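Data block below; observations after.
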There are 2 protein chains.
Amino acid sequence: MRKRRATIEDVASRAGLSIKTVSRVLNLEPNVRPQTRERVLAATSELDYHPNLSARRLASKRSFVIGLLYDNPDSDYVMGIQEGTLAVCRTRDYHLLIHPCRTCAPSLVDEVLSLHRRSTVDGLILTQPVSDFEPLVTALIESDIAFVRISQRPCAGKYSCISVDDEQAAFRMTDHLISLGHSNIGFIMGHPDHGSAHDRLKGFRASLHAHGIPCDRAPIEQGLYTFDSGYACAQRLLALEPRPTAIFASDDHMAMGVLTAAYERGLAVPAELSVCGFDDTPMARYVWPPLTTARQPILEVARVAAECLLNVLNGKELGARQVTLESKLVLRGSTARAGAR
Amino acid sequence: MRKRRATIEDVASRAGLSIKTVSRVLNLEPNVRPQTRERVLAATSELDYHPNLSARRLASKRSFVIGLLYDNPDSDYVMGIQEGTLAVCRTRDYHLLIHPCRTCAPSLVDEVLSLHRRSTVDGLILTQPVSDFEPLVTALIESDIAFVRISQRPCAGKYSCISVDDEQAAFRMTDHLISLGHSNIGFIMGHPDHGSAHDRLKGFRASLHAHGIPCDRAPIEQGLYTFDSGYACAQRLLALEPRPTAIFASDDHMAMGVLTAAYERGLAVPAELSVCGFDDTPMARYVWPPLTTARQPILEVARVAAECLLNVLNGKELGARQVTLESKLVLRGSTARAGAR
DNA sequence: CTGAAAGCGCTAACAA
DNA sequence: TTGTTAGCGCTTTCAG
């Protein structure tokens, strides 16, 4: 037979203390004698006591929930971010509310503000491109809602911003292509609403420049971080005279579009065309040839962001943090020495 | 300047009614005169009133949260399920708590029971393979926790079970291959812990049988729903004498492993080998050649499951529902007429 | 260092 | 059909 769930009063009376003392122990507040703490802890476990979240939320006027905002078609990216934030939430007894959304939806700001107004969430983690959507960020600041952004562009104020070194990584990737003997390299840019797209382009250009390759003549196409856009851009690049010997796509989806375009033209990859992507999504390994790409520490990014936010919510962090994590090049079969047949 | 958030009392006094009446309107309870209801609604919107979730939860001893359990490496599948359940939750003012887990973790049962014990969730949606994990299902039934399973195998009792027609779809897919002139078809089975793996095999066999092809001699390999397992199985199948002219992989990940194995052996797909997958993950379109596969109505499955669960939680549904949704064959370039070079 | 009492904002009986 | 009165289980003053 199931007994009624134990409450803080049960614990208090069992330990021969007041509920306030029990509450103190549970909330790790100071000013409790170690011995008293022990008594509480003992009673707690004897009764298999678990605080009632709703009651705690009501009394403390906090939800102990953080919201995760995303508008990203890449499932693997989103899952990675979810996993990282969840890991932190679990260790700190918070819950995660996922909130997929459309950056372009006119209702977005209201939607998010209402999440907070209804005390559904205490704070928010914003991923790209939502994190770069000015109107929302401004509204959050005005409403004094805690948030942490995952983005390259820091924003003013006490708001932390976590990112990966897109520019650096793109620089190194380009270096790699050049070191393989490529000099006519086509570049496919990502969705212009994502800060990362601009940074990756910057890194590409910087590397060309560093190697004395005139970058104003480098063929650059505007993509959208999707397979189809990559395919379309590749069609244009491959029609150029002289044809690029390598194509650097700003993400793996577009790189796969490039592969498809190459196949359709009967171009051998990597013998006649080197292709590289970015992000190292799981499928980069699964296409043929496996994609050379750059691996982002997504989980780590998410973890740091969540940790930051929880620190802010619990007054453990004052200033804004500005963290940049490092990506790694992953060299696979889709890139090879130029002219190697 | 920000005013204090309106409470139910504010609404009541503004409408000149008691809080109970307001509560009735908010909870769609009967026995309220339409005119009274109007007064409440007016006050509600004038004050921009939103009920405090925590208070409601505490008083009603319900969390208005449902949990989503999954242990599936396929991000696209998981995202689809999340999206479908979220859509329903939003329309019915519930929250979704995602809970990725490891079916093999010994702590799984405790972990899930504690979600309910701490009144974190009112009910659960189980996806495969968690939904087929007996110990958990049994524990949930014993603890009288509401749940809905996404699985092919219905379980006893008043518990609903939503599924797709894996067997039927595999049958049709095999039919398709046979109609293209293939008779020596290799089959790669999915992870044996997933009910779907067995059903797909059953459909495959049934189709062979229906066409008078001896299925006891059909080459069948055991995979794990992963790229690598598909690759390994394909290696074995392609080494057979005579070599199969088609391979039916039980999911797209494994099918991609087959494609890779074929490339490495210099086998042209589909000219020398037809390949088909299952699930229609987004990347099925993005590989070369694009994969013939079967599309599952994942969103719909998730929606129905969530709707079911919410109905149960709100006493709107008594018996167990047993729903099977239909998959669609998606014919792409990876399959072709046998012997067509 | 510890405790008593007063809510947090809502729902649930039970009256009226 | 509507209102009154208790709680739900916790945190927060504020006293000791």
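For the structure tokens, the naming scheme is as follows: chains receive sequential letters (A, B, ...) according to their order of presentation, residues are indexed from 1 within each chain, and ligands are indexed from 1 in presentation order.
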
Within 9 Å of chain A, which residues of chain B come that close, and what is the closest atom pair and distance in Å for each? Count only C-alpha atoms and give it as CSV.
residue,atom,partner,partner_atom,distance
B:Arg5,CA,A:Arg117,CA,8.3
B:His50,CA,A:Arg118,CA,6.2
B:Pro51,CA,A:Arg118,CA,7.2
B:Asn52,CA,A:Arg118,CA,6.3
B:Leu53,CA,A:Arg118,CA,7.2
B:Ser54,CA,A:Ser54,CA,5.1
B:Ala55,CA,A:Leu58,CA,5.7
B:Arg56,CA,A:Ser54,CA,8.6
B:Arg57,CA,A:Ser54,CA,6.0
B:Leu58,CA,A:Ser54,CA,5.2
B:Ala59,CA,A:Ser54,CA,8.9
B:Lys61,CA,A:Ser54,CA,8.6
B:Ser63,CA,A:Ser54,CA,7.8
B:Asp74,CA,A:Asp76,CA,8.5
B:Ser75,CA,A:Ser75,CA,5.4
B:Asp76,CA,A:Ser75,CA,5.5
B:Tyr77,CA,A:Ser75,CA,8.9
B:Val78,CA,A:Met79,CA,8.4
B:Met79,CA,A:Ser75,CA,6.4
B:Glu83,CA,A:Pro100,CA,8.1
B:Leu86,CA,A:His99,CA,8.7
B:His95,CA,A:Leu97,CA,7.7
B:Leu96,CA,A:Leu97,CA,7.0
B:Leu97,CA,A:Leu97,CA,6.6
B:Ile98,CA,A:Leu96,CA,7.8
B:His99,CA,A:Leu86,CA,8.7
B:Pro100,CA,A:Glu83,CA,8.1
B:Arg117,CA,A:His50,CA,8.3
B:Arg118,CA,A:Asn52,CA,6.3
B:Ser119,CA,A:Asn52,CA,7.2
B:Thr120,CA,A:Leu53,CA,7.5
B:Phe227,CA,A:Tyr286,CA,6.8
B:Asp228,CA,A:Tyr286,CA,8.8
B:His253,CA,A:Tyr286,CA,8.1
B:Met256,CA,A:Tyr286,CA,6.4
B:Gly257,CA,A:Tyr286,CA,6.8
B:Leu259,CA,A:Trp288,CA,8.0
B:Thr260,CA,A:Trp288,CA,6.0
B:Tyr263,CA,A:Trp288,CA,7.4
B:Glu264,CA,A:Trp288,CA,9.0
B:Met283,CA,A:Met283,CA,7.8
B:Tyr286,CA,A:Met256,CA,6.4
B:Val287,CA,A:Val287,CA,6.4
B:Trp288,CA,A:Thr260,CA,6.0
B:Pro289,CA,A:Thr260,CA,8.1

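Residue-level DSSP output for region 90-226 of chain B, from the backbone, shows strand (DSSP E or B) at His95, Leu96, Leu97, Ile98, His99, Pro100, Gly123, Leu124, Ile125, Leu126, Ala146, Phe147, Val148, Arg149, Ile150, Cys161, Ile162, Ser163, Val164, Ile185, Gly186, Phe187, Ile188, Met189, Ile220, Glu221 and Gln222 of chain B.
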
Residues of chain D within 7 Å of chain B, counting only C-alpha atoms (C1' of nucleotides), as a PDB file with C-alpha atoms (C1' of nucleotides), in the first residue's frame:
ATOM      1  C1'  DT D   1     -25.685  29.192 -10.409  1.00  0.00           C
ATOM      2  C1'  DT D   2     -22.523  31.340  -7.139  1.00  0.00           C
ATOM      3  C1'  DG D   3     -19.716  32.122  -2.835  1.00  0.00           C
ATOM      4  C1'  DC D   8      -1.834  22.375  -1.214  1.00  0.00           C
TER       5       DC D   8
END

**OP:** Within 7 Å of chain A, which residues of chain C are there when counting only C-alpha atoms (C1' of nucleotides)? Please give them as a ChimeraX atom specification.
**Re:** /C:1-3,8

**OP:** Write out as a list of chain:residue names each polymer residue whose atoms come within 10 Å of Cys104 (chain A), counting only C-alpha atoms (C1' of nucleotides); drop sequence neighbours fewer than 3 positions from it.
**Re:** A:Asp71, A:Cys101, A:Ser107, A:Leu108, A:Val130, A:Phe133

For the residues selected in the previous step, produce a file with C-alpha atoms as a tab-separated table (two decimals), in the first residue's frame.
chain	number	residue	atom	x	y	z
A	71	ASP	CA	15.03	27.82	-34.89
A	101	CYS	CA	10.21	28.76	-32.85
A	107	SER	CA	4.56	36.81	-32.59
A	108	LEU	CA	7.95	35.57	-31.46
A	130	VAL	CA	17.31	33.54	-32.55
A	133	PHE	CA	17.53	38.55	-33.61

**OP:** Quick one: everything within 12 Å of DA6 (chain C), counting only C-alpha atoms (C1' of nucleotides), minus sequence neighbours fewer than 5 positions away in the same chain. Send it as a ChimeraX atom specification.
**Re:** /A:59 /D:11-14

Pull C-alpha atoms (C1' of nucleotides) from the residues just selected and write them as a short mmCIF file (atom, residue, chain, number, x, y, z; two decimals), in the first residue's frame.
data_model
loop_
_atom_site.label_atom_id
_atom_site.label_comp_id
_atom_site.auth_asym_id
_atom_site.auth_seq_id
_atom_site.Cartn_x
_atom_site.Cartn_y
_atom_site.Cartn_z
CA ALA A 59 6.51 30.15 -2.40
"C1'" DT D 11 9.78 29.93 1.51
"C1'" DT D 12 10.08 34.20 3.91
"C1'" DT D 13 10.00 37.53 7.18
"C1'" DC D 14 10.90 38.43 11.81
#

Original post:
What is the distance between CA of Leu313 (chain A) and CA of Ala87 (chain B), in Å to one decimal?
Top reply: 28.8 Å

Give me the residues near Tyr159 (chain A) as a compact mmCIF listing (two decimals) with N, CA and C atoms, in the first residue's frame, where near means some atom within 8 Å (using only C-alpha atoms (C1' of nucleotides)) and where sequence neighbours in that chain fewer than 2 positions away do not count.
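Below is the file that was written, selection18.txt:
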# COMPACT_ATOMS: atom_id res chain seq x y z
N ALA A 146 16.55 37.21 -17.64
CA ALA A 146 17.90 36.65 -17.74
C ALA A 146 18.04 35.79 -18.97
N PHE A 147 19.15 35.91 -19.66
CA PHE A 147 19.39 35.04 -20.81
C PHE A 147 20.87 34.94 -21.11
N VAL A 148 21.21 33.90 -21.83
CA VAL A 148 22.56 33.70 -22.31
C VAL A 148 22.45 33.40 -23.79
N ARG A 149 23.32 34.00 -24.59
CA ARG A 149 23.24 33.78 -26.02
C ARG A 149 24.35 32.86 -26.51
N CYS A 155 26.71 40.96 -27.03
CA CYS A 155 25.82 42.12 -26.99
C CYS A 155 26.12 42.91 -25.75
N ALA A 156 25.69 44.15 -25.75
CA ALA A 156 26.00 45.04 -24.64
C ALA A 156 25.38 44.52 -23.35
N GLY A 157 25.89 45.05 -22.24
CA GLY A 157 25.27 44.72 -20.97
C GLY A 157 25.86 43.50 -20.30
N CYS A 161 27.75 35.47 -23.54
CA CYS A 161 27.67 35.07 -24.93
C CYS A 161 28.69 33.96 -25.17
N GLY A 319 29.31 39.65 -13.67
CA GLY A 319 29.53 40.22 -14.98
C GLY A 319 29.13 39.28 -16.09
N ALA A 320 29.28 39.75 -17.32
CA ALA A 320 28.97 38.93 -18.48
C ALA A 320 30.17 38.07 -18.80
N ARG A 321 29.90 36.84 -19.16
CA ARG A 321 31.00 35.99 -19.59
C ARG A 321 31.02 35.97 -21.11
